[in-house]
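Peer 1: I have a structure here, written as structure tokens, and I will follow up with some questions on it.
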Amino acid sequence: MNIKTSFFKHTKFSRWIGILAIVTFLSIVTNIFFLNSLVVSHFSNKTLQVDYIPSSKIVVNMLLLTEDQSFFNHSGVDFKEIARVLRDYWLYDKPIRGASTITQQLIKNELLTRERRIDRKLKEVLMAVLLELSFEKNFILNYYMNSVYLGQKGNLAIHGFAQAAKFYFNNDIDKLTLEEVATLVAMVKGPSYYHPIKYPQRLAKRRQLVLSLYHKYEKIVK
């Protein structure tokens, strides 16, 4: 093979690498635009906006202290928490625990499946960041609090803390006791697993954890 032929093949190879890089870049950008339009169109529904923060700070604080203490500081994904989880797993042999933020949970609940696949998790992370770029924190928090699944009675699905307060305690959300609020927050982790009638001991243990976090740490919303 002479120098001219070698140069030609090298140039052709480089050209194909460049084309592949451009195609890959355009594919990624197109996918981001698609996911962004999906997120914006879905969450532009204003009917679920209810301002919980002025009247139900206890509910907000219990929820955030249990599920997402850095909610007002991260951009949709709490990379510090993910790093802590991985550190504890690799260095201290602790079991893997969830590191999903409220924003990620909302994306998963509203737009994705619960499949445990890497590509689904990556999509969840990306969409959470896109959601944070398009909507304010209070909107995301309020949407979550109005839509999170908290139980089932026959064909009736219980969504949101206001509906759950009525269903379980026949009371308004801002009139619940600390223990009642902790019960609802505990059930966020899994209404079936922490079913108040089928598994009262599980629920009691989880409720106690929620209450201990609430009393131990400084309140996030004051």
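Ligands are numbered from 1 in the order shown, residues from 1 within each chain, and chains are lettered A, B, ... in the order they appear in the structure tokens.
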Would you give me, as a ChimeraX atom specification, the residues in segment 39-215 of chain A that DSSP reads as helix (DSSP H, G or I)?
Peer 2: /A:39-43,46-48,57-67,79-92,102-111,118-134,137-147,161-169,173-175,178-187,200-215
Peer 1: Where in segment 56-190 of chain A does DSSP assign strand (DSSP E), given as a list in words?
Peer 2: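 Residues of segment 56-190 of chain A classed as strand (DSSP E): Tyr149, Leu150, Gly151, Gln152, Lys153, Leu156, Ala157, Ile158 and His159 of chain A.
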Peer 1: Env of segment 170-176 of chain A: 12 Å cut, atoms = only C-alpha atoms, seq-sep filter 4 positions within chain, self excluded. Answer as a PyMOL selection string.
Peer 2: chain A and resi 51-60+145-146+160-166+180-185
Peer 1: Find the residues around segment 213-219 of chain A up to 7 Å (only C-alpha atoms counted), leave out those fewer than 4 positions away in its own chain, and share them as a list in words.
Peer 2: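 So, after excluding close chain neighbours, the residues are Asn61, Met62, Leu65, Thr66 and Leu209 of chain A.
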Peer 1: I need the residues from that last selection saved to file as an mmCIF file, in the first residue's frame (with N, CA, C and O atoms), if you can.
Peer 2:
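Generated output (out-v6.cif):
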```cif
data_model
loop_
_atom_site.group_PDB
_atom_site.id
_atom_site.type_symbol
_atom_site.label_atom_id
_atom_site.label_comp_id
_atom_site.auth_asym_id
_atom_site.auth_seq_id
_atom_site.Cartn_x
_atom_site.Cartn_y
_atom_site.Cartn_z
ATOM 1 N N ASN A 61 -42.827 20.001 55.266
ATOM 2 C CA ASN A 61 -41.578 19.693 55.953
ATOM 3 C C ASN A 61 -41.401 18.198 56.183
ATOM 4 O O ASN A 61 -40.304 17.666 55.988
ATOM 5 N N MET A 62 -42.442 17.527 56.598
ATOM 6 C CA MET A 62 -42.338 16.072 56.796
ATOM 7 C C MET A 62 -41.999 15.363 55.492
ATOM 8 O O MET A 62 -41.159 14.462 55.457
ATOM 9 N N LEU A 65 -38.263 16.379 54.446
ATOM 10 C CA LEU A 65 -37.269 15.807 55.355
ATOM 11 C C LEU A 65 -37.145 14.295 55.176
ATOM 12 O O LEU A 65 -36.083 13.722 55.396
ATOM 13 N N THR A 66 -38.221 13.671 54.735
ATOM 14 C CA THR A 66 -38.206 12.220 54.534
ATOM 15 C C THR A 66 -37.762 11.836 53.139
ATOM 16 O O THR A 66 -36.972 10.898 52.958
ATOM 17 N N LEU A 209 -40.266 6.680 61.892
ATOM 18 C CA LEU A 209 -39.091 7.245 61.225
ATOM 19 C C LEU A 209 -39.378 8.658 60.729
ATOM 20 O O LEU A 209 -38.557 9.573 60.909
#
```
Peer 1: Might you pull out every residue within 9 Å of Ser147 of chain A, with only C-alpha atoms counted and same-chain residues fewer than 2 positions away left off, and present them as a VMD selection string?
Peer 2: chain A and resid 48 106 109 to 110 142 to 145 149 to 150 158 to 161
Peer 1: Just N, CA, C and O atoms for this one: save the residues we selected as an mmCIF file, in the first residue's frame.
Peer 2:
```
data_model
loop_
_atom_site.group_PDB
_atom_site.id
_atom_site.type_symbol
_atom_site.label_atom_id
_atom_site.label_comp_id
_atom_site.auth_asym_id
_atom_site.auth_seq_id
_atom_site.Cartn_x
_atom_site.Cartn_y
_atom_site.Cartn_z
ATOM 1 N N LEU A 48 -53.956 21.283 38.663
ATOM 2 C CA LEU A 48 -53.481 20.636 39.883
ATOM 3 C C LEU A 48 -52.725 21.580 40.804
ATOM 4 O O LEU A 48 -52.211 21.161 41.825
ATOM 5 N N LEU A 106 -41.750 12.499 40.564
ATOM 6 C CA LEU A 106 -42.876 13.055 39.818
ATOM 7 C C LEU A 106 -42.811 12.640 38.351
ATOM 8 O O LEU A 106 -43.824 12.244 37.759
ATOM 9 N N ASN A 109 -43.694 8.941 38.135
ATOM 10 C CA ASN A 109 -45.121 8.703 38.376
ATOM 11 C C ASN A 109 -46.001 9.146 37.218
ATOM 12 O O ASN A 109 -47.007 8.509 36.904
ATOM 13 N N GLU A 110 -45.616 10.256 36.582
ATOM 14 C CA GLU A 110 -46.472 10.857 35.572
ATOM 15 C C GLU A 110 -46.179 10.401 34.140
ATOM 16 O O GLU A 110 -47.097 10.275 33.329
ATOM 17 N N ASN A 142 -45.998 21.313 44.612
ATOM 18 C CA ASN A 142 -47.455 21.280 44.719
ATOM 19 C C ASN A 142 -48.074 20.239 43.798
ATOM 20 O O ASN A 142 -49.030 19.551 44.163
ATOM 21 N N TYR A 143 -47.529 20.124 42.611
ATOM 22 C CA TYR A 143 -48.027 19.120 41.664
ATOM 23 C C TYR A 143 -47.837 17.722 42.245
ATOM 24 O O TYR A 143 -48.732 16.871 42.187
ATOM 25 N N TYR A 144 -46.650 17.507 42.804
ATOM 26 C CA TYR A 144 -46.363 16.204 43.411
ATOM 27 C C TYR A 144 -47.338 15.907 44.550
ATOM 28 O O TYR A 144 -47.902 14.816 44.648
ATOM 29 N N MET A 145 -47.542 16.899 45.415
ATOM 30 C CA MET A 145 -48.386 16.699 46.589
ATOM 31 C C MET A 145 -49.855 16.484 46.227
ATOM 32 O O MET A 145 -50.608 15.883 46.980
ATOM 33 N N TYR A 149 -49.600 8.991 44.409
ATOM 34 C CA TYR A 149 -50.531 7.889 44.688
ATOM 35 C C TYR A 149 -50.413 7.471 46.148
ATOM 36 O O TYR A 149 -49.332 7.152 46.633
ATOM 37 N N LEU A 150 -51.552 7.440 46.866
ATOM 38 C CA LEU A 150 -51.541 7.135 48.289
ATOM 39 C C LEU A 150 -52.541 6.058 48.698
ATOM 40 O O LEU A 150 -52.875 5.949 49.879
ATOM 41 N N ILE A 158 -56.524 6.862 45.225
ATOM 42 C CA ILE A 158 -56.352 8.039 46.076
ATOM 43 C C ILE A 158 -55.082 8.759 45.650
ATOM 44 O O ILE A 158 -53.979 8.223 45.780
ATOM 45 N N HIS A 159 -55.238 9.971 45.143
ATOM 46 C CA HIS A 159 -54.096 10.761 44.692
ATOM 47 C C HIS A 159 -54.012 12.070 45.466
ATOM 48 O O HIS A 159 -54.997 12.796 45.575
ATOM 49 N N GLY A 160 -52.843 12.372 45.981
ATOM 50 C CA GLY A 160 -52.613 13.649 46.636
ATOM 51 C C GLY A 160 -52.939 13.631 48.123
ATOM 52 O O GLY A 160 -53.771 12.854 48.591
ATOM 53 N N PHE A 161 -52.282 14.515 48.865
ATOM 54 C CA PHE A 161 -52.446 14.556 50.312
ATOM 55 C C PHE A 161 -53.815 15.060 50.739
ATOM 56 O O PHE A 161 -54.355 14.604 51.746
#
```
Peer 1: Between atom CA of Tyr193 of chain A and atom CA of Ala128 of chain A, measure the distance and give it in Å to one decimal.
Peer 2: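 Atom CA of Ala128 of chain A lies 25.8 Å from atom CA of Tyr193 of chain A.
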Peer 1: Here is a test: counting only C-alpha atoms, which residue of A:Thr103, A:Leu156, A:Val188, A:Ile28 is nearest to Val125 of chain A?
Peer 2: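 Closest candidate: A:Thr103.
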Peer 1: Name the closest residue to His195 of chain A among the candidates A:Ser100, A:Gln69, A:Gln152, A:Gln208; distances are taken between atoms, counting only C-alpha atoms.
Peer 2: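 For His195 of chain A, the nearest of the candidates is A:Gln152.
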Peer 1: Looking at only C-alpha atoms, which of A:Leu178, A:Ile102, A:Ala83, A:Leu122 is the one that sits closest to Phe71 of chain A?
Peer 2: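 Counting only C-alpha atoms, the residue closest to Phe71 of chain A is A:Ile102.
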Peer 1: Smallest atom-to-atom distance to Gln105 of chain A: which of A:Lys222, A:His74, A:His42, A:Lys121, using only C-alpha atoms?
Peer 2: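 Checking each candidate against Gln105 of chain A, we get A:Lys121 as the closest.
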Peer 1: Which of these residues is nearest to Tyr199 of chain A, using only C-alpha atoms: A:Leu211, A:Ile220, A:Met187, A:Ile32?
Peer 2: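 So, comparing all the options, the nearest one is A:Met187.
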Peer 1: Nearest residue to Arg84 of chain A out of A:Ala99, A:Pro191, A:Leu126, A:Val148, using only C-alpha atoms?
Peer 2: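 Of A:Ala99, A:Pro191, A:Leu126, A:Val148, the one nearest Arg84 of chain A, counting only C-alpha atoms, is A:Ala99.
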